[in-house]
$ cat structure.pdb   # PDB, C-alpha atoms
ATOM      1  CA  MET A   1     114.728  62.843  53.861
ATOM      2  CA  ALA A   2     117.956  64.549  52.995
ATOM      3  CA  LYS A   3     121.108  65.612  54.775
ATOM      4  CA  ILE A   4     122.375  69.158  54.516
ATOM      5  CA  GLN A   5     125.189  71.145  56.126
ATOM      6  CA  LEU A   6     123.911  74.094  58.132
ATOM      7  CA  ASN A   7     126.714  76.361  59.347
ATOM      8  CA  GLY A   8     129.067  73.423  59.138
ATOM      9  CA  LYS A   9     126.783  71.043  61.068
ATOM     10  CA  LYS A  10     124.962  68.053  59.594
ATOM     11  CA  VAL A  11     121.193  68.487  59.719
ATOM     12  CA  THR A  12     118.544  66.047  58.496
ATOM     13  CA  ILE A  13     115.588  67.574  56.690
ATOM     14  CA  LYS A  14     112.322  66.318  55.238
ATOM     15  CA  SER A  15     111.829  66.429  51.510
ATOM     16  CA  LYS A  16     110.392  69.667  50.120
ATOM     17  CA  THR A  17     112.046  71.784  52.797
ATOM     18  CA  THR A  18     112.671  75.411  51.844
ATOM     19  CA  ILE A  19     115.187  77.852  53.265
ATOM     20  CA  TYR A  20     112.319  79.539  55.071
ATOM     21  CA  ASP A  21     111.355  76.221  56.716
ATOM     22  CA  ILE A  22     114.902  75.756  57.987
ATOM     23  CA  LEU A  23     115.010  79.306  59.389
ATOM     24  CA  LYS A  24     111.695  78.716  61.130
ATOM     25  CA  ARG A  25     112.899  75.426  62.607
ATOM     26  CA  PHE A  26     115.883  77.207  64.158
ATOM     27  CA  LYS A  27     113.806  80.250  65.140
ATOM     28  CA  LEU A  28     115.743  82.529  62.821
ATOM     29  CA  ASN A  29     112.905  83.627  60.548
ATOM     30  CA  ASN A  30     112.413  86.919  62.375
ATOM     31  CA  LYS A  31     116.090  87.702  62.820
ATOM     32  CA  LYS A  32     118.355  89.882  60.752
ATOM     33  CA  VAL A  33     120.298  87.209  58.905
ATOM     34  CA  ALA A  34     121.747  86.621  55.471
ATOM     35  CA  ILE A  35     121.808  83.270  53.709
ATOM     36  CA  GLU A  36     124.279  81.635  51.419
ATOM     37  CA  HIS A  37     123.116  78.512  49.573
ATOM     38  CA  ASN A  38     125.981  76.504  48.030
ATOM     39  CA  GLY A  39     128.058  79.686  47.853
ATOM     40  CA  THR A  40     125.336  81.900  46.369
ATOM     41  CA  ILE A  41     123.548  84.594  48.349
ATOM     42  CA  ILE A  42     119.779  84.072  48.449
ATOM     43  CA  SER A  43     117.610  87.160  48.754
ATOM     44  CA  LYS A  44     114.855  87.256  51.345
ATOM     45  CA  SER A  45     112.133  87.162  48.701
ATOM     46  CA  ASN A  46     113.380  83.744  47.574
ATOM     47  CA  PHE A  47     113.530  82.044  51.007
ATOM     48  CA  LYS A  48     110.178  80.324  50.457
ATOM     49  CA  LYS A  49     110.951  79.385  46.868
ATOM     50  CA  LYS A  50     114.311  77.730  47.401
ATOM     51  CA  TYR A  51     114.009  73.988  48.054
ATOM     52  CA  LEU A  52     116.897  72.140  49.619
ATOM     53  CA  LYS A  53     118.391  68.892  48.410
ATOM     54  CA  ASN A  54     120.865  66.329  49.698
ATOM     55  CA  ASN A  55     124.399  67.657  50.453
ATOM     56  CA  ASP A  56     123.372  71.314  50.131
ATOM     57  CA  LYS A  57     125.479  73.736  52.116
ATOM     58  CA  ILE A  58     123.713  76.563  53.934
ATOM     59  CA  GLU A  59     125.423  79.404  55.754
ATOM     60  CA  VAL A  60     123.361  81.627  58.038
ATOM     61  CA  VAL A  61     125.216  84.721  59.205
ATOM     62  CA  HIS A  62     124.412  87.729  61.358
ATOM     63  CA  PHE A  63     126.096  90.775  62.843
ATOM     64  CA  ILE A  64     128.158  90.303  65.971
ATOM     65  CA  GLY A  65     130.375  92.625  67.989
ATOM     66  CA  GLY A  66     133.572  93.542  66.187
ATOM     67  CA  GLY A  67     136.165  96.262  65.881
TER      68      GLY A  67
ATOM     69  CA  MET B   1     130.690 130.525  62.381
ATOM     70  CA  LYS B   2     130.447 127.823  59.744
ATOM     71  CA  LYS B   3     129.021 124.631  61.165
ATOM     72  CA  ASP B   4     131.498 121.787  61.406
ATOM     73  CA  ILE B   5     129.749 118.988  59.546
ATOM     74  CA  PHE B   6     131.172 115.483  59.294
ATOM     75  CA  LYS B   7     130.066 113.411  56.333
ATOM     76  CA  ILE B   8     131.178 110.046  54.988
ATOM     77  CA  ALA B   9     129.796 109.069  51.570
ATOM     78  CA  ASN B  10     127.107 111.717  52.050
ATOM     79  CA  ILE B  11     126.020 110.272  55.389
ATOM     80  CA  LYS B  12     126.009 112.919  58.083
ATOM     81  CA  LEU B  13     127.516 111.835  61.386
ATOM     82  CA  LYS B  14     126.908 113.569  64.680
ATOM     83  CA  SER B  15     130.159 112.392  66.182
ATOM     84  CA  ARG B  16     133.680 112.128  64.812
ATOM     85  CA  LEU B  17     134.224 109.141  67.052
ATOM     86  CA  ILE B  18     133.358 105.743  65.590
ATOM     87  CA  VAL B  19     133.487 102.837  68.004
ATOM     88  CA  GLY B  20     133.922  99.105  67.628
ATOM     89  CA  THR B  21     131.603  96.646  69.346
ATOM     90  CA  GLY B  22     134.055  93.816  70.033
ATOM     91  CA  LYS B  23     135.816  92.639  73.202
ATOM     92  CA  TYR B  24     133.190  93.855  75.710
ATOM     93  CA  LYS B  25     132.184  91.809  78.752
ATOM     94  CA  ASN B  26     128.617  91.557  77.492
ATOM     95  CA  PHE B  27     126.147  93.314  75.190
ATOM     96  CA  LYS B  28     124.829  95.473  78.011
ATOM     97  CA  GLU B  29     128.270  96.952  78.522
ATOM     98  CA  THR B  30     128.651  97.377  74.739
ATOM     99  CA  ALA B  31     125.396  99.362  74.547
ATOM    100  CA  LYS B  32     126.317 101.521  77.550
ATOM    101  CA  ALA B  33     129.778 102.276  76.172
ATOM    102  CA  ILE B  34     128.314 103.295  72.797
ATOM    103  CA  GLU B  35     125.920 105.627  74.546
ATOM    104  CA  ALA B  36     128.659 107.187  76.665
ATOM    105  CA  SER B  37     130.896 107.630  73.618
ATOM    106  CA  GLY B  38     128.245 109.636  71.791
ATOM    107  CA  ALA B  39     129.128 107.743  68.592
ATOM    108  CA  ASN B  40     126.396 107.213  66.062
ATOM    109  CA  MET B  41     128.344 104.784  63.933
ATOM    110  CA  VAL B  42     129.641 101.429  65.180
ATOM    111  CA  THR B  43     131.577  98.680  63.472
ATOM    112  CA  VAL B  44     130.171  95.155  63.490
ATOM    113  CA  ALA B  45     131.477  91.815  62.252
ATOM    114  CA  VAL B  46     129.688  89.156  60.198
ATOM    115  CA  ARG B  47     129.757  85.608  61.577
ATOM    116  CA  ARG B  48     127.817  82.355  61.534
ATOM    117  CA  VAL B  49     124.662  82.242  63.670
ATOM    118  CA  ASN B  50     124.927  79.815  66.579
ATOM    119  CA  ILE B  51     122.245  77.344  65.513
ATOM    120  CA  ILE B  52     122.569  75.116  68.576
ATOM    121  CA  ASP B  53     122.044  77.691  71.326
ATOM    122  CA  LYS B  54     118.945  79.545  70.164
ATOM    123  CA  LYS B  55     118.565  81.499  73.372
ATOM    124  CA  LYS B  56     121.982  83.125  73.244
ATOM    125  CA  PRO B  57     121.603  86.937  73.175
ATOM    126  CA  ILE B  58     122.559  88.714  69.987
ATOM    127  CA  LEU B  59     123.992  92.179  69.353
ATOM    128  CA  THR B  60     120.896  93.573  67.643
ATOM    129  CA  ASP B  61     118.865  92.827  70.815
ATOM    130  CA  TYR B  62     120.958  95.520  72.527
ATOM    131  CA  VAL B  63     122.081  97.895  69.785
ATOM    132  CA  ASP B  64     119.361  99.043  67.401
ATOM    133  CA  PRO B  65     120.570  99.414  63.790
ATOM    134  CA  LYS B  66     117.735 101.885  63.242
ATOM    135  CA  LYS B  67     119.245 104.266  65.791
ATOM    136  CA  ILE B  68     122.959 103.590  65.364
ATOM    137  CA  ILE B  69     124.592 103.201  61.957
ATOM    138  CA  PHE B  70     126.072  99.721  61.617
ATOM    139  CA  LEU B  71     129.320  99.644  59.693
ATOM    140  CA  PRO B  72     129.955  96.009  58.712
ATOM    141  CA  ASN B  73     133.635  95.106  58.630
ATOM    142  CA  THR B  74     135.679  92.264  57.217
ATOM    143  CA  ALA B  75     137.773  91.623  60.307
ATOM    144  CA  GLY B  76     139.396  88.223  60.125
ATOM    145  CA  CYS B  77     139.539  88.136  56.326
ATOM    146  CA  PHE B  78     142.973  87.413  54.882
ATOM    147  CA  ASN B  79     142.215  87.657  51.178
ATOM    148  CA  SER B  80     140.051  89.544  48.740
ATOM    149  CA  ASN B  81     137.583  86.695  48.147
ATOM    150  CA  GLU B  82     136.798  86.294  51.851
ATOM    151  CA  ALA B  83     136.340  90.047  52.256
ATOM    152  CA  LEU B  84     134.064  90.353  49.236
ATOM    153  CA  ARG B  85     131.964  87.381  50.366
ATOM    154  CA  THR B  86     131.545  88.912  53.833
ATOM    155  CA  LEU B  87     130.521  92.351  52.591
ATOM    156  CA  ARG B  88     128.101  90.996  49.995
ATOM    157  CA  LEU B  89     126.396  89.045  52.789
ATOM    158  CA  ALA B  90     126.388  92.169  54.997
ATOM    159  CA  ARG B  91     124.710  94.153  52.248
ATOM    160  CA  GLU B  92     122.100  91.446  51.812
ATOM    161  CA  MET B  93     121.430  91.455  55.537
ATOM    162  CA  GLY B  94     120.823  95.087  56.139
ATOM    163  CA  GLY B  95     120.816  96.815  52.812
ATOM    164  CA  TRP B  96     123.929  98.758  53.812
ATOM    165  CA  LYS B  97     126.209 100.046  51.125
ATOM    166  CA  LEU B  98     128.614 101.719  53.506
ATOM    167  CA  VAL B  99     131.150  99.162  54.693
ATOM    168  CA  LYS B 100     134.586  98.918  56.234
ATOM    169  CA  LEU B 101     137.094  96.874  54.283
ATOM    170  CA  GLU B 102     140.034  95.338  56.057
ATOM    171  CA  VAL B 103     142.089  92.614  54.471
ATOM    172  CA  LEU B 104     144.749  91.387  56.825
ATOM    173  CA  GLY B 105     148.139  90.136  55.764
ATOM    174  CA  ASP B 106     149.844  88.784  58.839
ATOM    175  CA  LYS B 107     148.442  87.095  61.951
ATOM    176  CA  LYS B 108     151.038  88.526  64.333
ATOM    177  CA  THR B 109     150.816  92.198  63.361
ATOM    178  CA  LEU B 110     147.373  92.161  61.707
ATOM    179  CA  TYR B 111     148.917  94.509  59.190
ATOM    180  CA  PRO B 112     146.735  95.175  56.153
ATOM    181  CA  ASN B 113     147.526  93.271  52.974
ATOM    182  CA  MET B 114     147.488  96.272  50.666
ATOM    183  CA  ILE B 115     147.647  94.284  47.433
ATOM    184  CA  GLU B 116     144.436  92.437  48.309
ATOM    185  CA  THR B 117     142.958  95.621  49.817
ATOM    186  CA  LEU B 118     143.450  97.617  46.621
ATOM    187  CA  LYS B 119     142.030  94.773  44.526
ATOM    188  CA  SER B 120     138.947  94.483  46.778
ATOM    189  CA  THR B 121     138.342  98.235  46.868
ATOM    190  CA  LYS B 122     138.195  98.395  43.094
ATOM    191  CA  ILE B 123     135.669  95.537  42.879
ATOM    192  CA  LEU B 124     133.482  96.815  45.745
ATOM    193  CA  VAL B 125     133.284 100.337  44.326
ATOM    194  CA  LYS B 126     132.263  98.842  40.986
ATOM    195  CA  GLU B 127     129.500  96.903  42.761
ATOM    196  CA  GLY B 128     128.125 100.111  44.251
ATOM    197  CA  PHE B 129     129.563  99.800  47.761
ATOM    198  CA  LYS B 130     130.754 102.850  49.678
ATOM    199  CA  VAL B 131     134.033 101.606  51.061
ATOM    200  CA  MET B 132     135.909 102.866  54.085
ATOM    201  CA  VAL B 133     139.319 101.260  53.884
ATOM    202  CA  TYR B 134     141.651 100.156  56.659
ATOM    203  CA  CYS B 135     145.167 100.641  55.320
ATOM    204  CA  THR B 136     148.835 101.135  56.046
ATOM    205  CA  ASP B 137     150.085 104.689  56.564
ATOM    206  CA  ASP B 138     151.788 104.799  53.164
ATOM    207  CA  PRO B 139     150.685 108.050  51.462
ATOM    208  CA  LEU B 140     151.095 106.606  47.965
ATOM    209  CA  LEU B 141     148.861 103.619  48.657
ATOM    210  CA  ALA B 142     146.347 105.878  50.410
ATOM    211  CA  LYS B 143     146.237 108.004  47.273
ATOM    212  CA  LYS B 144     145.716 104.897  45.155
ATOM    213  CA  LEU B 145     142.762 103.891  47.340
ATOM    214  CA  GLU B 146     141.251 107.326  46.914
ATOM    215  CA  ASP B 147     141.742 107.098  43.147
ATOM    216  CA  PHE B 148     139.950 103.743  43.213
ATOM    217  CA  GLY B 149     136.941 105.436  44.808
ATOM    218  CA  ALA B 150     137.311 104.755  48.538
ATOM    219  CA  SER B 151     134.845 106.767  50.664
ATOM    220  CA  ALA B 152     137.249 107.128  53.589
ATOM    221  CA  ILE B 153     140.909 106.343  54.180
ATOM    222  CA  MET B 154     141.609 104.622  57.486
ATOM    223  CA  PRO B 155     145.317 104.367  58.190
ATOM    224  CA  LEU B 156     146.485 102.538  61.291
ATOM    225  CA  ALA B 157     148.098 104.458  64.132
ATOM    226  CA  SER B 158     149.841 101.232  65.197
ATOM    227  CA  PRO B 159     148.853  97.515  65.074
ATOM    228  CA  ILE B 160     145.233  96.600  65.891
ATOM    229  CA  GLY B 161     144.670  96.223  69.618
ATOM    230  CA  SER B 162     148.250  97.225  70.497
ATOM    231  CA  GLY B 163     147.410 100.524  72.214
ATOM    232  CA  LEU B 164     150.737 101.952  71.040
ATOM    233  CA  GLY B 165     149.215 105.188  69.752
ATOM    234  CA  LEU B 166     150.382 107.207  66.749
ATOM    235  CA  GLN B 167     153.697 105.751  65.646
ATOM    236  CA  ASN B 168     154.157 107.675  62.419
ATOM    237  CA  LYS B 169     152.649 111.134  62.699
ATOM    238  CA  MET B 170     154.476 112.364  59.644
ATOM    239  CA  ASN B 171     152.901 109.789  57.329
ATOM    240  CA  ILE B 172     149.442 110.364  58.801
ATOM    241  CA  SER B 173     149.961 114.120  58.257
ATOM    242  CA  LEU B 174     150.949 113.548  54.639
ATOM    243  CA  ILE B 175     147.817 111.460  54.087
ATOM    244  CA  ILE B 176     145.639 114.153  55.697
ATOM    245  CA  LYS B 177     147.184 116.842  53.510
ATOM    246  CA  GLN B 178     146.611 115.017  50.236
ATOM    247  CA  CYS B 179     143.250 113.376  50.908
ATOM    248  CA  LYS B 180     139.954 114.767  49.680
ATOM    249  CA  VAL B 181     137.862 112.071  51.374
ATOM    250  CA  PRO B 182     137.739 111.760  55.186
ATOM    251  CA  VAL B 183     140.814 110.363  56.941
ATOM    252  CA  ILE B 184     139.965 108.300  59.992
ATOM    253  CA  VAL B 185     142.710 106.901  62.171
ATOM    254  CA  ASP B 186     141.859 103.286  62.780
ATOM    255  CA  ALA B 187     143.645 100.859  65.079
ATOM    256  CA  GLY B 188     146.334 101.267  67.694
ATOM    257  CA  ILE B 189     144.962 104.220  69.651
ATOM    258  CA  GLY B 190     145.681 103.470  73.311
ATOM    259  CA  THR B 191     144.167 106.237  75.335
ATOM    260  CA  ALA B 192     142.119 109.427  75.083
ATOM    261  CA  SER B 193     145.080 111.760  74.511
ATOM    262  CA  ASP B 194     146.118 109.711  71.442
ATOM    263  CA  ALA B 195     142.726 110.501  69.921
ATOM    264  CA  THR B 196     143.122 114.192  70.717
ATOM    265  CA  ILE B 197     146.518 114.256  69.014
ATOM    266  CA  ALA B 198     145.104 112.560  65.908
ATOM    267  CA  MET B 199     142.249 115.060  65.760
ATOM    268  CA  GLU B 200     144.571 118.033  66.371
ATOM    269  CA  MET B 201     146.644 116.896  63.409
ATOM    270  CA  GLY B 202     143.536 117.254  61.264
ATOM    271  CA  CYS B 203     142.140 113.745  61.082
ATOM    272  CA  ASP B 204     138.427 113.788  60.296
ATOM    273  CA  GLY B 205     137.654 111.093  62.831
ATOM    274  CA  VAL B 206     138.978 108.185  64.846
ATOM    275  CA  LEU B 207     137.835 104.598  65.249
ATOM    276  CA  ILE B 208     138.301 103.067  68.678
ATOM    277  CA  ASN B 209     137.564  99.612  70.022
ATOM    278  CA  SER B 210     140.206  98.041  72.278
ATOM    279  CA  ALA B 211     141.172 101.294  74.047
ATOM    280  CA  ILE B 212     137.602 101.531  75.349
ATOM    281  CA  ALA B 213     136.681  97.860  75.731
ATOM    282  CA  ASN B 214     139.963  96.927  77.439
ATOM    283  CA  ALA B 215     139.979  99.908  79.821
ATOM    284  CA  LYS B 216     139.427  99.133  83.507
ATOM    285  CA  LYS B 217     136.180 101.118  83.301
ATOM    286  CA  PRO B 218     135.057 100.948  79.678
ATOM    287  CA  ILE B 219     132.037 103.230  80.036
ATOM    288  CA  LYS B 220     134.084 105.970  81.690
ATOM    289  CA  MET B 221     136.744 105.585  78.995
ATOM    290  CA  ALA B 222     134.069 105.864  76.292
ATOM    291  CA  SER B 223     133.096 109.218  77.751
ATOM    292  CA  ALA B 224     136.772 110.252  77.945
ATOM    293  CA  PHE B 225     137.140 109.497  74.230
ATOM    294  CA  LYS B 226     134.036 111.481  73.421
ATOM    295  CA  ASN B 227     135.543 114.555  75.067
ATOM    296  CA  ALA B 228     139.018 113.864  73.673
ATOM    297  CA  VAL B 229     137.740 113.813  70.099
ATOM    298  CA  ILE B 230     135.702 117.000  70.596
ATOM    299  CA  SER B 231     138.719 118.735  72.186
ATOM    300  CA  GLY B 232     141.078 117.644  69.443
ATOM    301  CA  ARG B 233     138.724 118.786  66.724
ATOM    302  CA  GLU B 234     138.135 122.184  68.359
ATOM    303  CA  SER B 235     141.848 122.613  68.869
ATOM    304  CA  PHE B 236     142.470 121.814  65.189
ATOM    305  CA  LEU B 237     139.805 124.293  64.085
ATOM    306  CA  ALA B 238     141.132 126.929  66.485
ATOM    307  CA  GLY B 239     144.646 126.584  65.039
ATOM    308  CA  ARG B 240     147.490 126.109  67.460
ATOM    309  CA  MET B 241     150.081 128.771  68.277
ATOM    310  CA  LYS B 242     153.486 128.724  66.602
ATOM    311  CA  LYS B 243     156.285 126.814  68.326
ATOM    312  CA  SER B 244     159.454 128.680  69.286
ATOM    313  CA  PHE B 245     162.743 127.548  70.799
ATOM    314  CA  PHE B 246     162.924 130.528  73.155
ATOM    315  CA  ALA B 247     160.559 131.935  75.742
ATOM    316  CA  THR B 248     158.171 134.817  75.160
ATOM    317  CA  PRO B 249     156.840 136.427  78.373
ATOM    318  CA  SER B 250     153.102 136.183  78.879
ATOM    319  CA  SER B 251     152.960 139.376  80.966
ATOM    320  CA  PRO B 252     153.857 142.826  79.563
ATOM    321  CA  THR B 253     157.450 143.915  80.278
ATOM    322  CA  GLN B 254     156.437 147.580  80.269
ATOM    323  CA  GLY B 255     155.685 149.220  83.635
ATOM    324  CA  LEU B 256     157.720 146.707  85.647
ATOM    325  CA  ILE B 257     158.436 147.971  89.156
TER     326      ILE B 257
END
$ encode --input "structure.pdb" --output "structure tokens"
Amino acid sequence: MAKIQLNGKKVTIKSKTTIYDILKRFKLNNKKVAIEHNGTIISKSNFKKKYLKNNDKIEVVHFIGGG
Amino acid sequence: MKKDIFKIANIKLKSRLIVGTGKYKNFKETAKAIEASGANMVTVAVRRVNIIDKKKPILTDYVDPKKIIFLPNTAGCFNSNEALRTLRLAREMGGWKLVKLEVLGDKKTLYPNMIETLKSTKILVKEGFKVMVYCTDDPLLAKKLEDFGASAIMPLASPIGSGLGLQNKMNISLIIKQCKVPVIVDAGIGTASDATIAMEMGCDGVLINSAIANAKKPIKMASAFKNAVISGRESFLAGRMKKSFFATPSSPTQGLI
């Protein structure tokens, strides 16, 4: 068990959770999103390789309407 | 006649009207307004995904980035670091290199912070981005942006969302005259005739959001802007008549009875 911050919200995860697992849990794995892990952008090809640990900060962003 | 082709960073655009996707009632209205405007490039913002409400509709459910070119912007960024972070994420998301940079300096006027804008442009160009830059209407700073490798210069007509129209035609004209990359008037356009005036002056394009989204009938206004931009461009290409202080009769004076 570990606690991470996902888009500013505290989320509890099991050990050996990857970025891909988190996206799947929040039904975001098929969406056009970009990920920042502790301030570093993670490319799609590394989603399944990146394991999360306690106090990690994840930002998931997407495109919204804007001028 | 030579075909009038509009290109930004080697990307061919069918329309000289670029529209924003903010401020609409819902995504359905956004999609309809884009269609009515005839634009094939739209600006989009980058924000956190709502992780709590998974069922909330998202923009890409209604506007297909395969059909319409998404131009990610940095709206809401007040320094270079925030803007760079946003655009790097946007590039990761879609693979887009063409982006719109706007670094704001003041919450009340949303005027661009040109010091941070110039700094960001330089870095982004170095990183391989094609940068369309929202800027003040200062011809010297516009020239600097072009020297730094900006793909398009986007001076404001008046403050973002103000609808005040072109407040400094002379400066915009000076920028048009000196610029080798496209000049797109961004921000402040209030109504269709403002867009026509900008195009008649020789702007390469206009970017509109609030004037369409805040109209009483946004879809109708989107269509009005489509025609306004076409009219303005044709008028510019046709070349207006000379102005004169005195009248010149339109009918021949010879043979008067």
$ interface_residues --input "structure.pdb" --of "chain A" --to "chain B" --cutoff "6 Å" --atoms "only C-alpha atoms" --output "VMD selection string"
chain A and resid 33 to 34 60 to 67
$ write_last_selection --input "structure.pdb" --atoms "C-alpha atoms" --output "tab-separated table (two decimals), keeping the file's coordinate frame"
chain	number	residue	atom	x	y	z
A	33	VAL	CA	120.30	87.21	58.90
A	34	ALA	CA	121.75	86.62	55.47
A	60	VAL	CA	123.36	81.63	58.04
A	61	VAL	CA	125.22	84.72	59.20
A	62	HIS	CA	124.41	87.73	61.36
A	63	PHE	CA	126.10	90.78	62.84
A	64	ILE	CA	128.16	90.30	65.97
A	65	GLY	CA	130.38	92.62	67.99
A	66	GLY	CA	133.57	93.54	66.19
A	67	GLY	CA	136.16	96.26	65.88
$ resolve_selection --input "structure.pdb" --expression "the PyMOL selection byres ((chain B and resi 101) around 9)" --output "list in words"
Pro72, Asn73, Thr74, Ala75, Ala83, Leu84, Leu87, Val99, Lys100, Glu102, Val103, Thr117, Ser120, Thr121, Val131, Met132, Val133, Tyr134 and Cys135 of chain B
$ write_last_selection --input "structure.pdb" --atoms "C-alpha atoms" --output "JSON list (two decimals), in the frame of the given file"
[["chain", "number", "residue", "atom", "x", "y", "z"],
["B", 72, "PRO", "CA", 129.96, 96.01, 58.71],
["B", 73, "ASN", "CA", 133.64, 95.11, 58.63],
["B", 74, "THR", "CA", 135.68, 92.26, 57.22],
["B", 75, "ALA", "CA", 137.77, 91.62, 60.31],
["B", 83, "ALA", "CA", 136.34, 90.05, 52.26],
["B", 84, "LEU", "CA", 134.06, 90.35, 49.24],
["B", 87, "LEU", "CA", 130.52, 92.35, 52.59],
["B", 99, "VAL", "CA", 131.15, 99.16, 54.69],
["B", 100, "LYS", "CA", 134.59, 98.92, 56.23],
["B", 102, "GLU", "CA", 140.03, 95.34, 56.06],
["B", 103, "VAL", "CA", 142.09, 92.61, 54.47],
["B", 117, "THR", "CA", 142.96, 95.62, 49.82],
["B", 120, "SER", "CA", 138.95, 94.48, 46.78],
["B", 121, "THR", "CA", 138.34, 98.24, 46.87],
["B", 131, "VAL", "CA", 134.03, 101.61, 51.06],
["B", 132, "MET", "CA", 135.91, 102.87, 54.08],
["B", 133, "VAL", "CA", 139.32, 101.26, 53.88],
["B", 134, "TYR", "CA", 141.65, 100.16, 56.66],
["B", 135, "CYS", "CA", 145.17, 100.64, 55.32]]
$ atom_distance --input "structure.pdb" --atom1 "CA of Phe78 in chain B" --atom2 "CA of Leu124 in chain B"
16.2 Å
$ closest_residue --input "structure.pdb" --among "B:Val125, B:Leu118, B:Ala33, B:Ile230" --to "Asn214 in chain B" --atoms "all atoms listed in the file"
B:Ala33
$ axis_aligned_box --input "structure.pdb" --around "range 51-60 of chain A" --padding-each-side "4 Å" --output "JSON"
{"center_x": 119.7, "center_y": 74.0, "center_z": 53.0, "size_x": 19.5, "size_y": 23.3, "size_z": 18.0}
$ resolve_selection --input "structure.pdb" --expression "the PyMOL selection byres ((chain A and resi 13) around 7)" --output "PDB file with C-alpha atoms, in the coordinates of the input"
ATOM      1  CA  MET A   1     114.728  62.843  53.861  1.00  0.00           C
ATOM      2  CA  ALA A   2     117.956  64.549  52.995  1.00  0.00           C
ATOM      3  CA  LYS A   3     121.108  65.612  54.775  1.00  0.00           C
ATOM      4  CA  VAL A  11     121.193  68.487  59.719  1.00  0.00           C
ATOM      5  CA  THR A  12     118.544  66.047  58.496  1.00  0.00           C
ATOM      6  CA  LYS A  14     112.322  66.318  55.238  1.00  0.00           C
ATOM      7  CA  SER A  15     111.829  66.429  51.510  1.00  0.00           C
ATOM      8  CA  THR A  17     112.046  71.784  52.797  1.00  0.00           C
TER       9      THR A  17
END
$ residues_around --input "structure.pdb" --residues "Met199 in chain B" --least-positions-apart "5" --cutoff "7 Å" --atoms "only C-alpha atoms" --output "PDB file with C-alpha atoms, keeping the file's coordinate frame"
ATOM      1  CA  ASP B 204     138.427 113.788  60.296  1.00  0.00           C
ATOM      2  CA  GLY B 205     137.654 111.093  62.831  1.00  0.00           C
ATOM      3  CA  VAL B 229     137.740 113.813  70.099  1.00  0.00           C
ATOM      4  CA  GLY B 232     141.078 117.644  69.443  1.00  0.00           C
ATOM      5  CA  ARG B 233     138.724 118.786  66.724  1.00  0.00           C
ATOM      6  CA  PHE B 236     142.470 121.814  65.189  1.00  0.00           C
TER       7      PHE B 236
END
$ resolve_selection --input "structure.pdb" --expression "the PyMOL selection byres ((chain B and resi 179) around 10)" --output "ChimeraX atom specification"
/B:139,142-143,146,152-153,173-178,180-183
$ atom_distance --input "structure.pdb" --atom1 "CA of Ile184 in chain B" --atom2 "CA of Gly202 in chain B"
9.7 Å
$ atom_distance --input "structure.pdb" --atom1 "CA of Lys108 in chain B" --atom2 "CA of Asp194 in chain B"
22.9 Å
$ closest_residue --input "structure.pdb" --among "B:Asp137, B:Lys220, B:Lys130, B:Ser162" --to "Gly149 in chain B" --atoms "all atoms listed in the file"
B:Lys130
$ residues_near_point --input "structure.pdb" --point "(153.8, 104.0, 63.8)" --cutoff "10 Å" --atoms "only C-alpha atoms" --output "PDB file with C-alpha atoms, in the frame of the given file"
ATOM      1  CA  THR B 136     148.835 101.135  56.046  1.00  0.00           C
ATOM      2  CA  ASP B 137     150.085 104.689  56.564  1.00  0.00           C
ATOM      3  CA  LEU B 156     146.485 102.538  61.291  1.00  0.00           C
ATOM      4  CA  ALA B 157     148.098 104.458  64.132  1.00  0.00           C
ATOM      5  CA  SER B 158     149.841 101.232  65.197  1.00  0.00           C
ATOM      6  CA  PRO B 159     148.853  97.515  65.074  1.00  0.00           C
ATOM      7  CA  LEU B 164     150.737 101.952  71.040  1.00  0.00           C
ATOM      8  CA  GLY B 165     149.215 105.188  69.752  1.00  0.00           C
ATOM      9  CA  LEU B 166     150.382 107.207  66.749  1.00  0.00           C
ATOM     10  CA  GLN B 167     153.697 105.751  65.646  1.00  0.00           C
ATOM     11  CA  ASN B 168     154.157 107.675  62.419  1.00  0.00           C
ATOM     12  CA  LYS B 169     152.649 111.134  62.699  1.00  0.00           C
ATOM     13  CA  MET B 170     154.476 112.364  59.644  1.00  0.00           C
ATOM     14  CA  ASN B 171     152.901 109.789  57.329  1.00  0.00           C
ATOM     15  CA  ILE B 172     149.442 110.364  58.801  1.00  0.00           C
ATOM     16  CA  GLY B 188     146.334 101.267  67.694  1.00  0.00           C
TER      17      GLY B 188
END
$ closest_residue --input "structure.pdb" --among "B:Arg16, B:Lys216, B:Lys119, B:Lys32" --to "Ser80 in chain B" --atoms "only C-alpha atoms"
B:Lys119
$ closest_residue --input "structure.pdb" --among "B:Lys126, B:Thr248, B:Gly95, B:Ile189" --to "Lys32 in chain A" --atoms "only C-alpha atoms"
B:Gly95
